[in-house]
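Chemist: Below is start_36.txt; it holds compact mmCIF, C-alpha atoms.
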# COMPACT_ATOMS: atom_id res chain seq x y z
CA MET A 234 -44.27 17.49 -17.74
CA ILE A 235 -42.68 20.95 -17.91
CA ILE A 236 -40.49 22.02 -20.84
CA GLU A 237 -38.73 25.39 -20.83
CA VAL A 238 -36.56 26.38 -23.80
CA LEU A 239 -34.58 29.58 -24.22
CA VAL A 240 -32.37 30.51 -27.18
CA THR A 241 -30.85 33.86 -26.36
CA ASN A 242 -28.03 36.31 -27.08
CA SER A 243 -27.54 36.95 -23.35
CA PRO A 244 -25.36 35.07 -20.86
CA LEU A 245 -27.12 31.96 -19.58
CA ALA A 246 -28.44 31.57 -16.07
CA LEU A 247 -30.41 28.59 -14.84
CA PRO A 248 -30.95 29.17 -11.13
CA ASP A 249 -31.30 26.10 -8.91
CA LYS A 250 -34.88 25.53 -7.93
CA ASN A 251 -35.25 25.56 -4.16
CA HIS A 252 -37.70 22.78 -3.76
CA ILE A 253 -37.94 19.97 -6.32
CA PRO A 254 -40.35 17.03 -6.01
CA SER A 255 -38.29 14.82 -8.37
CA GLY A 256 -35.59 12.60 -6.92
CA ALA A 257 -32.93 13.30 -9.53
CA VAL A 258 -31.65 16.42 -11.25
CA ALA A 259 -29.10 15.89 -14.03
CA ARG A 260 -27.53 18.97 -15.54
CA PHE A 261 -25.04 19.47 -18.34
CA THR A 262 -23.31 22.77 -19.02
CA GLY A 263 -21.26 23.17 -22.19
CA ILE A 264 -18.54 25.80 -21.83
CA VAL A 265 -16.52 27.55 -24.55
CA ARG A 266 -13.00 26.10 -24.30
CA PRO A 267 -9.79 28.08 -24.77
CA GLU A 268 -8.70 26.04 -27.79
CA GLU A 269 -10.56 25.33 -31.03
CA ASN A 270 -8.93 23.33 -33.85
CA ASP A 271 -5.57 23.58 -32.04
CA ALA A 272 -5.61 27.39 -31.92
CA GLN A 273 -5.87 29.46 -28.75
CA ILE A 274 -9.09 31.47 -28.81
CA SER A 275 -10.72 34.07 -26.60
CA ALA A 276 -14.31 33.65 -27.78
CA LEU A 277 -16.52 31.67 -30.11
CA THR A 278 -19.37 33.11 -32.18
CA TYR A 279 -22.56 31.07 -32.57
CA GLU A 280 -25.31 31.70 -35.08
CA GLY A 281 -28.76 30.14 -34.98
CA TYR A 282 -32.00 29.94 -36.87
CA GLU A 283 -33.72 30.93 -33.70
CA PRO A 284 -37.41 30.01 -34.13
CA MET A 285 -36.51 26.66 -35.69
CA ALA A 286 -33.86 25.97 -33.04
CA THR A 287 -36.41 26.57 -30.28
CA GLN A 288 -39.01 24.43 -32.03
CA THR A 289 -36.58 21.59 -32.76
CA ILE A 290 -35.39 21.53 -29.14
CA HIS A 291 -39.04 21.23 -28.08
CA HIS A 292 -39.59 18.37 -30.54
CA ILE A 293 -36.55 16.47 -29.31
CA LEU A 294 -37.58 16.85 -25.67
CA THR A 295 -41.15 15.77 -26.39
CA SER A 296 -39.88 12.69 -28.17
CA LEU A 297 -37.45 11.85 -25.34
CA HIS A 298 -40.29 12.27 -22.86
CA ARG A 299 -42.30 9.70 -24.79
CA ASP A 300 -39.35 7.29 -24.73
CA TYR A 301 -37.98 7.74 -21.21
CA GLY A 302 -40.35 9.96 -19.22
CA PHE A 303 -39.13 12.79 -17.03
CA ASP A 304 -40.70 15.45 -14.82
CA SER A 305 -39.19 18.60 -16.30
CA ALA A 306 -36.70 19.78 -18.88
CA ARG A 307 -34.97 23.15 -19.06
CA VAL A 308 -32.70 23.98 -21.99
CA GLN A 309 -30.88 27.23 -22.69
CA HIS A 310 -28.59 27.86 -25.68
CA ARG A 311 -26.67 31.08 -26.11
CA LEU A 312 -26.01 32.68 -29.51
CA GLY A 313 -23.65 35.49 -30.51
CA THR A 314 -20.08 35.87 -29.31
CA ILE A 315 -19.42 33.85 -26.15
CA PRO A 316 -16.17 34.45 -24.23
CA VAL A 317 -14.04 31.45 -23.30
CA GLY A 318 -15.12 30.00 -19.95
CA GLU A 319 -18.78 30.98 -20.32
CA ALA A 320 -21.69 28.64 -21.02
CA ALA A 321 -22.97 28.00 -24.55
CA ILE A 322 -25.61 25.51 -23.40
CA ILE A 323 -27.29 24.30 -20.24
CA VAL A 324 -29.54 21.22 -20.17
CA GLU A 325 -31.33 20.19 -16.99
CA ILE A 326 -33.62 17.18 -16.63
CA THR A 327 -35.49 16.29 -13.45
CA SER A 328 -36.84 12.81 -13.04
CA LYS A 329 -37.84 10.32 -10.38
CA HIS A 330 -34.69 8.30 -10.90
CA ARG A 331 -31.09 9.03 -11.79
CA ALA A 332 -30.67 6.72 -14.80
CA ALA A 333 -33.51 8.27 -16.83
CA ALA A 334 -32.32 11.81 -16.09
CA PHE A 335 -28.79 11.04 -17.28
CA THR A 336 -29.94 9.18 -20.37
CA VAL A 337 -32.22 12.01 -21.44
CA VAL A 338 -29.51 14.69 -21.01
CA SER A 339 -27.06 12.59 -22.96
CA GLU A 340 -29.45 11.66 -25.80
CA PHE A 341 -30.65 15.24 -25.99
CA MET A 342 -27.09 16.44 -26.59
CA ASP A 343 -26.56 13.78 -29.26
CA ARG A 344 -29.70 14.85 -31.09
CA LEU A 345 -29.02 18.57 -30.69
CA LYS A 346 -25.72 18.07 -32.48
CA VAL A 347 -27.54 16.54 -35.47
CA ASP A 348 -30.77 18.50 -35.83
CA VAL A 349 -30.82 21.83 -34.01
CA PRO A 350 -29.95 24.67 -36.43
CA ILE A 351 -27.17 26.35 -34.47
CA TRP A 352 -23.62 26.82 -35.76
CA LYS A 353 -20.23 27.77 -34.43
CA VAL A 354 -19.37 30.30 -37.13
CA LYS A 355 -16.22 32.05 -35.96
CA ALA A 356 -13.43 31.63 -33.43
CA VAL A 357 -11.92 34.82 -32.07
CA ARG A 358 -8.15 34.22 -31.86
CA SER A 359 -6.45 35.37 -28.68
CA MET B 49 -7.01 17.98 -10.76
CA ILE B 50 -9.14 19.59 -8.03
CA ILE B 51 -11.21 17.51 -5.60
CA GLU B 52 -13.52 19.17 -3.08
CA VAL B 53 -15.56 17.02 -0.69
CA LEU B 54 -17.99 18.22 1.93
CA VAL B 55 -20.06 16.02 4.27
CA THR B 56 -22.19 18.36 6.32
CA ASN B 57 -25.29 18.75 8.46
CA SER B 58 -26.22 21.99 6.70
CA PRO B 59 -28.28 22.51 3.52
CA LEU B 60 -26.13 22.00 0.43
CA ALA B 61 -25.07 24.81 -1.89
CA LEU B 62 -22.74 24.39 -4.85
CA PRO B 63 -22.64 27.77 -6.55
CA ASP B 64 -22.00 27.81 -10.30
CA LYS B 65 -18.47 28.87 -11.04
CA ASN B 66 -18.42 31.95 -13.23
CA HIS B 67 -15.58 31.05 -15.49
CA ILE B 68 -14.63 27.43 -16.15
CA PRO B 69 -11.79 26.38 -18.46
CA SER B 70 -13.23 22.86 -18.98
CA GLY B 71 -15.61 22.24 -21.85
CA ALA B 72 -18.14 20.12 -19.96
CA VAL B 73 -19.77 20.36 -16.55
CA ALA B 74 -21.95 17.41 -15.53
CA ARG B 75 -23.88 17.74 -12.31
CA PHE B 76 -26.18 15.38 -10.44
CA THR B 77 -28.37 16.46 -7.55
CA GLY B 78 -30.18 13.83 -5.50
CA ILE B 79 -33.31 15.18 -3.85
CA VAL B 80 -35.37 13.71 -1.00
CA ARG B 81 -38.59 12.45 -2.58
CA PRO B 82 -42.04 12.70 -1.00
CA GLU B 83 -42.49 8.92 -0.91
CA GLU B 84 -40.28 6.24 0.63
CA ASN B 85 -41.29 2.55 0.59
CA ASP B 86 -44.79 3.57 -0.58
CA ALA B 87 -45.39 5.89 2.39
CA GLN B 88 -45.76 9.67 2.17
CA ILE B 89 -42.94 11.32 4.07
CA SER B 90 -41.97 14.87 4.93
CA ALA B 91 -38.27 14.31 5.62
CA LEU B 92 -35.56 11.67 5.63
CA THR B 93 -32.83 11.35 8.26
CA TYR B 94 -29.31 10.39 7.12
CA GLU B 95 -26.51 9.23 9.37
CA GLY B 96 -22.87 8.99 8.35
CA TYR B 97 -19.47 7.91 9.60
CA GLU B 98 -18.23 11.32 8.63
CA PRO B 99 -14.41 11.06 8.46
CA MET B 100 -14.60 7.73 6.66
CA ALA B 101 -17.31 8.98 4.30
CA THR B 102 -15.16 11.95 3.34
CA GLN B 103 -12.08 9.77 2.89
CA THR B 104 -13.94 7.12 0.87
CA ILE B 105 -15.42 9.76 -1.45
CA HIS B 106 -11.87 11.05 -2.03
CA HIS B 107 -10.64 7.52 -2.78
CA ILE B 108 -13.41 6.87 -5.27
CA LEU B 109 -12.78 10.17 -7.07
CA THR B 110 -9.03 9.56 -7.20
CA SER B 111 -9.59 6.14 -8.69
CA LEU B 112 -12.09 7.50 -11.25
CA HIS B 113 -9.59 10.20 -12.16
CA ARG B 114 -7.02 7.49 -12.90
CA ASP B 115 -9.51 5.64 -15.10
CA TYR B 116 -11.23 8.49 -16.96
CA GLY B 117 -9.46 11.76 -16.19
CA PHE B 118 -11.32 14.94 -15.34
CA ASP B 119 -10.42 18.50 -14.42
CA SER B 120 -12.31 18.90 -11.16
CA ALA B 121 -14.74 17.11 -8.88
CA ARG B 122 -16.98 18.65 -6.23
CA VAL B 123 -19.10 16.41 -4.01
CA GLN B 124 -21.37 17.43 -1.15
CA HIS B 125 -23.47 15.04 0.95
CA ARG B 126 -25.85 16.25 3.62
CA LEU B 127 -26.47 14.35 6.86
CA GLY B 128 -29.18 14.78 9.52
CA THR B 129 -32.85 15.36 8.79
CA ILE B 130 -33.43 16.58 5.23
CA PRO B 131 -36.88 17.91 4.28
CA VAL B 132 -38.55 16.53 1.15
CA GLY B 133 -37.53 18.54 -1.93
CA GLU B 134 -34.07 19.44 -0.60
CA ALA B 135 -30.77 18.01 -1.81
CA ALA B 136 -29.11 15.06 -0.09
CA ILE B 137 -26.20 14.97 -2.53
CA ILE B 138 -24.60 17.07 -5.27
CA VAL B 139 -21.89 15.71 -7.56
CA GLU B 140 -20.23 17.94 -10.14
CA ILE B 141 -17.51 16.87 -12.56
CA THR B 142 -15.79 19.19 -15.02
CA SER B 143 -13.91 17.72 -17.92
CA LYS B 144 -12.73 18.56 -21.40
CA HIS B 145 -15.44 16.43 -22.97
CA ARG B 146 -19.02 15.54 -22.17
CA ALA B 147 -18.79 11.74 -22.22
CA ALA B 148 -16.08 11.50 -19.53
CA ALA B 149 -17.90 13.96 -17.27
CA PHE B 150 -21.15 11.95 -17.45
CA THR B 151 -19.44 8.61 -16.99
CA VAL B 152 -17.59 9.80 -13.90
CA VAL B 153 -20.73 11.24 -12.26
CA SER B 154 -22.62 8.06 -12.97
CA GLU B 155 -19.87 5.66 -11.81
CA PHE B 156 -19.28 7.80 -8.74
CA MET B 157 -22.93 7.42 -7.73
CA ASP B 158 -22.78 3.64 -8.27
CA ARG B 159 -19.72 3.34 -6.06
CA LEU B 160 -21.04 5.72 -3.41
CA LYS B 161 -24.04 3.45 -3.01
CA VAL B 162 -21.74 0.49 -2.28
CA ASP B 163 -18.86 1.89 -0.24
CA VAL B 164 -19.53 5.29 1.32
CA PRO B 165 -20.65 4.85 4.97
CA ILE B 166 -23.82 6.93 4.91
CA TRP B 167 -27.28 5.56 5.74
CA LYS B 168 -30.89 6.59 5.41
CA VAL B 169 -31.93 5.78 8.98
CA LYS B 170 -35.41 7.19 9.40
CA ALA B 171 -38.31 8.49 7.32
CA VAL B 172 -40.43 11.17 8.92
CA ARG B 173 -44.06 10.36 8.00
CA SER B 174 -46.20 13.27 6.89
CA MET C 602 -10.55 0.20 21.66
CA THR C 603 -13.27 2.62 20.60
CA ILE C 604 -16.28 0.95 18.98
CA LEU C 605 -18.70 2.80 16.68
CA TYR C 606 -22.13 1.41 15.78
CA PHE C 607 -24.06 2.85 12.83
CA ALA C 608 -27.64 2.63 11.57
CA GLN C 609 -29.20 -0.82 12.30
CA ALA C 610 -26.05 -1.82 14.21
CA ALA C 611 -26.60 1.13 16.58
CA ASP C 612 -30.25 0.04 17.00
CA ALA C 613 -29.16 -3.52 17.81
CA ALA C 614 -26.41 -2.39 20.19
CA GLY C 615 -28.59 0.21 21.84
CA CYS C 616 -25.76 2.73 21.65
CA ALA C 617 -23.64 4.55 19.06
CA THR C 618 -20.26 4.26 20.71
CA GLU C 619 -18.52 2.19 23.35
CA GLU C 620 -15.04 1.68 24.88
CA TRP C 621 -13.62 -1.85 25.20
CA PRO C 622 -10.76 -2.38 27.68
CA VAL C 623 -8.66 -4.62 25.41
CA THR C 624 -4.86 -4.78 25.54
CA LEU C 625 -4.12 -7.04 22.55
CA PRO C 626 -5.06 -6.68 18.86
CA LEU C 627 -8.34 -8.38 17.86
CA SER C 628 -8.91 -10.31 14.66
CA VAL C 629 -12.12 -9.48 12.82
CA ASP C 630 -13.57 -12.75 14.10
CA GLU C 631 -12.60 -12.01 17.72
CA PHE C 632 -14.04 -8.55 17.33
CA TRP C 633 -17.41 -9.96 16.24
CA GLN C 634 -17.47 -12.52 19.06
CA GLU C 635 -16.98 -9.77 21.63
CA ALA C 636 -19.53 -7.47 19.97
CA ILE C 637 -22.16 -10.24 19.88
CA ARG C 638 -21.39 -11.27 23.49
CA ARG C 639 -22.15 -7.71 24.56
CA HIS C 640 -25.12 -7.21 22.19
CA PRO C 641 -26.67 -10.51 21.05
CA GLY C 642 -28.92 -8.64 18.58
CA LEU C 643 -25.86 -8.00 16.41
CA ALA C 644 -25.61 -11.70 15.49
CA ALA C 645 -28.36 -11.39 12.89
CA LEU C 646 -26.64 -8.39 11.30
CA ARG C 647 -23.15 -9.90 11.08
CA PRO C 648 -23.58 -11.50 7.63
CA HIS C 649 -24.55 -8.13 6.17
CA CYS C 650 -22.11 -5.81 7.94
CA ARG C 651 -18.53 -4.77 7.21
CA ILE C 652 -15.96 -3.70 9.80
CA ALA C 653 -13.80 -0.63 9.37
CA SER C 654 -10.83 0.33 11.48
CA ASP C 655 -9.46 3.85 11.35
CA CYS C 656 -11.66 4.63 8.31
CA GLN C 657 -10.59 1.61 6.21
CA TYR C 658 -12.66 -1.48 5.45
CA LEU C 659 -11.08 -4.60 6.98
CA THR C 660 -10.90 -8.04 5.42
CA GLU C 661 -11.01 -11.31 7.40
CA GLY C 662 -7.24 -11.62 7.92
CA GLN C 663 -6.67 -8.13 9.31
CA GLN C 664 -6.44 -7.06 12.94
CA ILE C 665 -7.67 -4.12 14.99
CA ALA C 666 -5.13 -2.37 17.24
CA PRO C 667 -6.10 -2.19 20.94
CA ASP C 668 -5.91 1.61 20.91
CA GLY C 669 -7.63 1.82 17.50
CA GLU C 670 -11.17 2.63 16.43
CA ALA C 671 -13.48 -0.03 14.98
CA ALA C 672 -16.84 0.56 13.34
CA ILE C 673 -19.65 -1.83 12.43
CA LEU C 674 -21.07 -0.70 9.11
CA PRO C 675 -24.39 -2.08 7.83
CA PRO C 676 -25.03 -1.95 4.05
CA VAL C 677 -24.85 1.72 3.10
CA SER C 678 -27.72 3.70 1.58
CA GLY C 679 -26.40 7.18 0.86
CA GLY C 680 -27.10 9.42 -2.13
CA MET D 71 -40.46 33.55 -51.04
CA THR D 72 -38.12 34.58 -48.22
CA ILE D 73 -34.75 32.82 -48.30
CA LEU D 74 -32.49 32.48 -45.26
CA TYR D 75 -28.83 31.53 -45.54
CA PHE D 76 -26.92 30.35 -42.46
CA ALA D 77 -23.27 29.80 -41.55
CA GLN D 78 -21.19 28.65 -44.60
CA ALA D 79 -24.27 29.06 -46.82
CA ALA D 80 -24.42 32.75 -45.84
CA ASP D 81 -20.71 33.07 -46.63
CA ALA D 82 -21.24 31.45 -50.05
CA ALA D 83 -24.33 33.55 -50.83
CA GLY D 84 -22.77 36.74 -49.54
CA CYS D 85 -25.97 37.56 -47.67
CA ALA D 86 -28.14 36.21 -44.86
CA THR D 87 -31.55 36.79 -46.38
CA GLU D 88 -33.13 37.40 -49.77
CA GLU D 89 -36.56 37.73 -51.39
CA TRP D 90 -37.40 35.71 -54.51
CA PRO D 91 -40.31 36.90 -56.67
CA VAL D 92 -41.80 33.44 -57.28
CA THR D 93 -45.51 32.82 -57.81
CA LEU D 94 -45.60 29.00 -57.88
CA PRO D 95 -44.44 26.41 -55.32
CA LEU D 96 -40.88 25.19 -55.80
CA SER D 97 -39.71 21.63 -55.36
CA VAL D 98 -36.53 21.16 -53.32
CA ASP D 99 -34.65 20.54 -56.57
CA GLU D 100 -36.04 23.69 -58.25
CA PHE D 101 -35.19 25.62 -55.11
CA TRP D 102 -31.55 24.49 -55.27
CA GLN D 103 -31.30 25.25 -58.99
CA GLU D 104 -32.44 28.83 -58.40
CA ALA D 105 -30.19 29.27 -55.36
CA ILE D 106 -27.14 28.03 -57.26
CA ARG D 107 -28.00 30.16 -60.31
CA ARG D 108 -27.96 33.22 -58.04
CA HIS D 109 -24.95 32.12 -55.98
CA PRO D 110 -22.75 29.56 -57.79
CA GLY D 111 -20.66 29.06 -54.63
CA LEU D 112 -23.60 27.20 -53.09
CA ALA D 113 -23.14 24.27 -55.49
CA ALA D 114 -20.26 22.85 -53.46
CA LEU D 115 -22.34 23.02 -50.25
CA ARG D 116 -25.48 21.39 -51.65
CA PRO D 117 -24.50 17.77 -50.79
CA HIS D 118 -24.01 18.73 -47.15
CA CYS D 119 -26.95 21.08 -46.57
CA ARG D 120 -30.56 20.51 -45.62
CA ILE D 121 -33.49 22.77 -46.54
CA ALA D 122 -36.11 23.84 -44.04
CA SER D 123 -39.37 25.58 -44.79
CA ASP D 124 -41.30 27.28 -42.03
CA CYS D 125 -39.01 25.68 -39.42
CA GLN D 126 -39.37 22.08 -40.66
CA TYR D 127 -36.74 20.02 -42.48
CA LEU D 128 -37.90 19.18 -46.02
CA THR D 129 -37.38 15.91 -47.86
CA GLU D 130 -36.88 15.60 -51.63
CA GLY D 131 -40.57 15.19 -52.54
CA GLN D 132 -41.83 18.24 -50.62
CA GLN D 133 -42.55 21.72 -51.96
CA ILE D 134 -42.01 25.26 -50.74
CA ALA D 135 -44.99 27.64 -50.91
CA PRO D 136 -44.37 30.86 -52.90
CA ASP D 137 -45.20 33.00 -49.86
CA GLY D 138 -43.26 30.69 -47.50
CA GLU D 139 -39.84 30.89 -45.90
CA ALA D 140 -37.00 28.59 -46.95
CA ALA D 141 -33.67 28.20 -45.22
CA ILE D 142 -30.41 26.56 -46.32
CA LEU D 143 -28.94 24.80 -43.30
CA PRO D 144 -25.33 23.54 -43.35
CA PRO D 145 -24.41 20.73 -40.92
CA VAL D 146 -25.12 22.06 -37.43
CA SER D 147 -22.52 22.50 -34.71
CA GLY D 148 -24.37 23.73 -31.63
CA GLY D 149 -23.83 22.76 -28.03
Could you write out this structure as structure tokens?
Modeler:
Amino acid sequence: MIIEVLVTNSPLALPDKNHIPSGAVARFTGIVRPEENDAQISALTYEGYEPMATQTIHHILTSLHRDYGFDSARVQHRLGTIPVGEAAIIVEITSKHRAAAFTVVSEFMDRLKVDVPIWKVKAVRS
Amino acid sequence: MIIEVLVTNSPLALPDKNHIPSGAVARFTGIVRPEENDAQISALTYEGYEPMATQTIHHILTSLHRDYGFDSARVQHRLGTIPVGEAAIIVEITSKHRAAAFTVVSEFMDRLKVDVPIWKVKAVRS
Amino acid sequence: MTILYFAQAADAAGCATEEWPVTLPLSVDEFWQEAIRRHPGLAALRPHCRIASDCQYLTEGQQIAPDGEAAILPPVSGG
Amino acid sequence: MTILYFAQAADAAGCATEEWPVTLPLSVDEFWQEAIRRHPGLAALRPHCRIASDCQYLTEGQQIAPDGEAAILPPVSGG
């Protein structure tokens, strides 16, 4: 099992791997949307407790691996001010079969939104 | 709503879009695995009734759009001999919210495996 | 009528495509009778296959136009 | 003890980080009492926040070492 976690202030980039031995690759990208609480915005600022965020993401993935199994997990979360239309998070799970890959991505997102210390702290109005 | 469908004999490539107005991008990539029916293989040959495959993929996506709504759908399926580790299919749905995007990718795959005239016709033993 | 055979149906027919000199529409049942007369190996596949004409799946009551295209489609396995 | 305030907790405290000259471990309750004494605005957040020490969420019975790090974490909203 491979787990790669990156919490960064830079734009995210998760290049496709050229040659994957798993049968299924499920990927979720969360993008900053142009409206937040009914207001038009141009960017969203995220803050994070970085070492704990990284560690908590690792814990969640390890626990999901115990429950569902997968071949690899790559997670990137961006912090700082993210312009509308750019990625705040990318989650990619590779697995032998489709169902497990989807379930893990989905459960990961649910648990991230409860336990990973990252916050949307400010919307930049447009 | 944008629907892009490609059924092709060439290697698949679905470049990330740089700037997406939707909040959620769910993507599934199906990769040729190194074993098929318990035998080690080096490639898998797919055959398709190409115009009908393209049209049926469109129909399925249109029907899923009616049921769940989404902003855009991109589907690519490769035909011919695909080496192990390379993509046979890529499905990408963008949507305002995560749940709809995942559901559509997942239901699309279920319906593809019932109705889209594409067949695995030959495993190349390694 | 242009006939297309795919996957196991092409194996059983020994070819991928064929022209039939028909002048009247064929029902799905008539279509199968003719296909099996030409390629007896298709009989075993019939219960598992669907017929499409001009890229649409046909149901039992429908007909295939004499200048149309008809395809024998074994259970699919894409993705 | 190094204290970290995040998101609304940083707004309420008016700072992101602080040093407390403590020489004994603090319980979670003692920790909150001291935090609220320094920054009364934190009182309203207390029911919604969790405390982490050295990157682990703490439960009521646990203690924070005097040379440790403690963070006040409002409800998260990542992703």
Chemist: Excluding Trp621 in chain C and residues on its chain fewer than 4 positions from it, collect all residues at most 9 Å away from it, counting only C-alpha atoms, and give them as a PyMOL selection string.
Modeler: chain C and resi 602-604+667
Chemist: Could you name the residues that touch Gly84 in chain D at 10 Å or less, counting all atoms listed in the file, but leaving out those on the same chain fewer than 4 positions away, as an mmCIF file with C-alpha atoms, in the coordinates of the input?
Modeler:
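Contents of out-v4.cif, freshly written:
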data_model
loop_
_atom_site.group_PDB
_atom_site.id
_atom_site.type_symbol
_atom_site.label_atom_id
_atom_site.label_comp_id
_atom_site.auth_asym_id
_atom_site.auth_seq_id
_atom_site.Cartn_x
_atom_site.Cartn_y
_atom_site.Cartn_z
ATOM 1 C CA TYR D 75 -28.830 31.530 -45.540
ATOM 2 C CA GLN D 78 -21.190 28.650 -44.600
ATOM 3 C CA ALA D 79 -24.270 29.060 -46.820
ATOM 4 C CA ALA D 80 -24.420 32.750 -45.840
ATOM 5 C CA HIS D 109 -24.950 32.120 -55.980
ATOM 6 C CA GLY D 111 -20.660 29.060 -54.630
#
Chemist: Taking all atoms listed in the file into account, which of A:Gly302, A:Pro254, A:Gly263, A:Pro350 comes nearest Glu280 in chain A?
Modeler: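 Of all the options, A:Pro350 lies closest to Glu280 in chain A.
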Chemist: Residues around (-18.4, -6.3, 22.9), cut-off 10 Å, counting only C-alpha atoms - what are they as a PyMOL selection string?
Modeler: chain C and resi 604+614+619-622+631-641
Chemist: Write down, as a ChimeraX atom specification, each residue of chain B that has any atom within 12 Å of an atom of chain D, counting all atoms listed in the file.
Modeler: /B:71-72,145-146
Chemist: For chain A, work out the contacting residues on chain B at 8 Å, counting only C-alpha atoms, and write them as a PyMOL selection string.
Modeler: chain B and resi 66-82+132-134+146+150
Chemist: Scan for residues within 12 Å of the point (-6.5, 19.0, -6.1) in the coordinates of the file, using all atoms listed in the file, and reply as a PyMOL selection string.
Modeler: chain B and resi 49-53+106+109-110+113+118-122
Chemist: So that I can see what lies close to Val146 in chain D, please list as a ChimeraX atom specification the residues with an atom at most 10 Å from it, counting all atoms listed in the file and leaving out residues fewer than 3 positions away in the same chain.
Modeler: /A:280-281,345-353 /D:76-77,119-120,143,149
Chemist: Go ahead and compute the interatomic distance for CA of Arg311 in chain A and CA of Thr241 in chain A, in Å to one decimal.
Modeler: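 So the answer is 5.0 Å.
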Chemist: Could you tell me how far CA of Gly148 in chain D lies from CA of Ile315 in chain A, in Å and to one decimal?
Modeler: 12.5 Å
Chemist: Using Å and a single decimal, report how far CA of Val357 in chain A sits from CA of Gln273 in chain A.
Modeler: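 Separation between CA of Gln273 in chain A and CA of Val357 in chain A: 8.7 Å.
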Chemist: Assuming 3 Å of padding per side, give the centre and edge lengths of the axis-aligned box around every listed atom of range 130-143 of chain D, in Å to one decimal and as lines of an AutoDock Vina configuration file.
Modeler:
center_x = -37.1
center_y = 24.1
center_z = -48.1
size_x = 22.3
size_y = 23.8
size_z = 15.6
Chemist: Complete the atoms of range 92-108 of chain B to N, CA and C atoms and put them out as a PDB file, in the frame of the given file.
Modeler:
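Ended up saving to part_3.pdb:
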ATOM      1  N   LEU B  92     -36.321  12.914   5.533  1.00  0.00           N
ATOM      2  CA  LEU B  92     -35.560  11.670   5.630  1.00  0.00           C
ATOM      3  C   LEU B  92     -34.311  11.995   6.449  1.00  0.00           C
ATOM      4  N   THR B  93     -34.000  11.104   7.420  1.00  0.00           N
ATOM      5  CA  THR B  93     -32.830  11.350   8.260  1.00  0.00           C
ATOM      6  C   THR B  93     -31.668  10.468   7.798  1.00  0.00           C
ATOM      7  N   TYR B  94     -30.531  11.097   7.529  1.00  0.00           N
ATOM      8  CA  TYR B  94     -29.310  10.390   7.120  1.00  0.00           C
ATOM      9  C   TYR B  94     -28.315  10.430   8.268  1.00  0.00           C
ATOM     10  N   GLU B  95     -27.594   9.302   8.402  1.00  0.00           N
ATOM     11  CA  GLU B  95     -26.510   9.230   9.370  1.00  0.00           C
ATOM     12  C   GLU B  95     -25.245   8.865   8.597  1.00  0.00           C
ATOM     13  N   GLY B  96     -24.102   9.318   9.060  1.00  0.00           N
ATOM     14  CA  GLY B  96     -22.870   8.990   8.350  1.00  0.00           C
ATOM     15  C   GLY B  96     -21.700   8.835   9.301  1.00  0.00           C
ATOM     16  N   TYR B  97     -20.747   8.024   8.879  1.00  0.00           N
ATOM     17  CA  TYR B  97     -19.470   7.910   9.600  1.00  0.00           C
ATOM     18  C   TYR B  97     -18.591   8.945   8.901  1.00  0.00           C
ATOM     19  N   GLU B  98     -18.670  10.170   9.412  1.00  0.00           N
ATOM     20  CA  GLU B  98     -18.230  11.320   8.630  1.00  0.00           C
ATOM     21  C   GLU B  98     -16.785  11.282   8.131  1.00  0.00           C
ATOM     22  N   PRO B  99     -15.784  11.037   8.997  1.00  0.00           N
ATOM     23  CA  PRO B  99     -14.410  11.060   8.460  1.00  0.00           C
ATOM     24  C   PRO B  99     -14.182   9.982   7.410  1.00  0.00           C
ATOM     25  N   MET B 100     -14.788   8.803   7.639  1.00  0.00           N
ATOM     26  CA  MET B 100     -14.600   7.730   6.660  1.00  0.00           C
ATOM     27  C   MET B 100     -15.369   8.018   5.375  1.00  0.00           C
ATOM     28  N   ALA B 101     -16.548   8.625   5.497  1.00  0.00           N
ATOM     29  CA  ALA B 101     -17.310   8.980   4.300  1.00  0.00           C
ATOM     30  C   ALA B 101     -16.503   9.954   3.439  1.00  0.00           C
ATOM     31  N   THR B 102     -15.963  10.972   4.067  1.00  0.00           N
ATOM     32  CA  THR B 102     -15.160  11.950   3.340  1.00  0.00           C
ATOM     33  C   THR B 102     -13.971  11.289   2.657  1.00  0.00           C
ATOM     34  N   GLN B 103     -13.281  10.426   3.415  1.00  0.00           N
ATOM     35  CA  GLN B 103     -12.080   9.770   2.890  1.00  0.00           C
ATOM     36  C   GLN B 103     -12.431   8.809   1.743  1.00  0.00           C
ATOM     37  N   THR B 104     -13.547   8.083   1.900  1.00  0.00           N
ATOM     38  CA  THR B 104     -13.940   7.120   0.870  1.00  0.00           C
ATOM     39  C   THR B 104     -14.362   7.851  -0.413  1.00  0.00           C
ATOM     40  N   ILE B 105     -15.047   8.963  -0.265  1.00  0.00           N
ATOM     41  CA  ILE B 105     -15.420   9.760  -1.450  1.00  0.00           C
ATOM     42  C   ILE B 105     -14.149  10.215  -2.183  1.00  0.00           C
ATOM     43  N   HIS B 106     -13.167  10.679  -1.426  1.00  0.00           N
ATOM     44  CA  HIS B 106     -11.870  11.050  -2.030  1.00  0.00           C
ATOM     45  C   HIS B 106     -11.246   9.876  -2.780  1.00  0.00           C
ATOM     46  N   HIS B 107     -11.237   8.694  -2.134  1.00  0.00           N
ATOM     47  CA  HIS B 107     -10.640   7.520  -2.780  1.00  0.00           C
ATOM     48  C   HIS B 107     -11.334   7.194  -4.086  1.00  0.00           C
ATOM     49  N   ILE B 108     -12.652   7.203  -4.062  1.00  0.00           N
ATOM     50  CA  ILE B 108     -13.410   6.870  -5.270  1.00  0.00           C
ATOM     51  C   ILE B 108     -13.080   7.862  -6.388  1.00  0.00           C
TER      52      ILE B 108
END
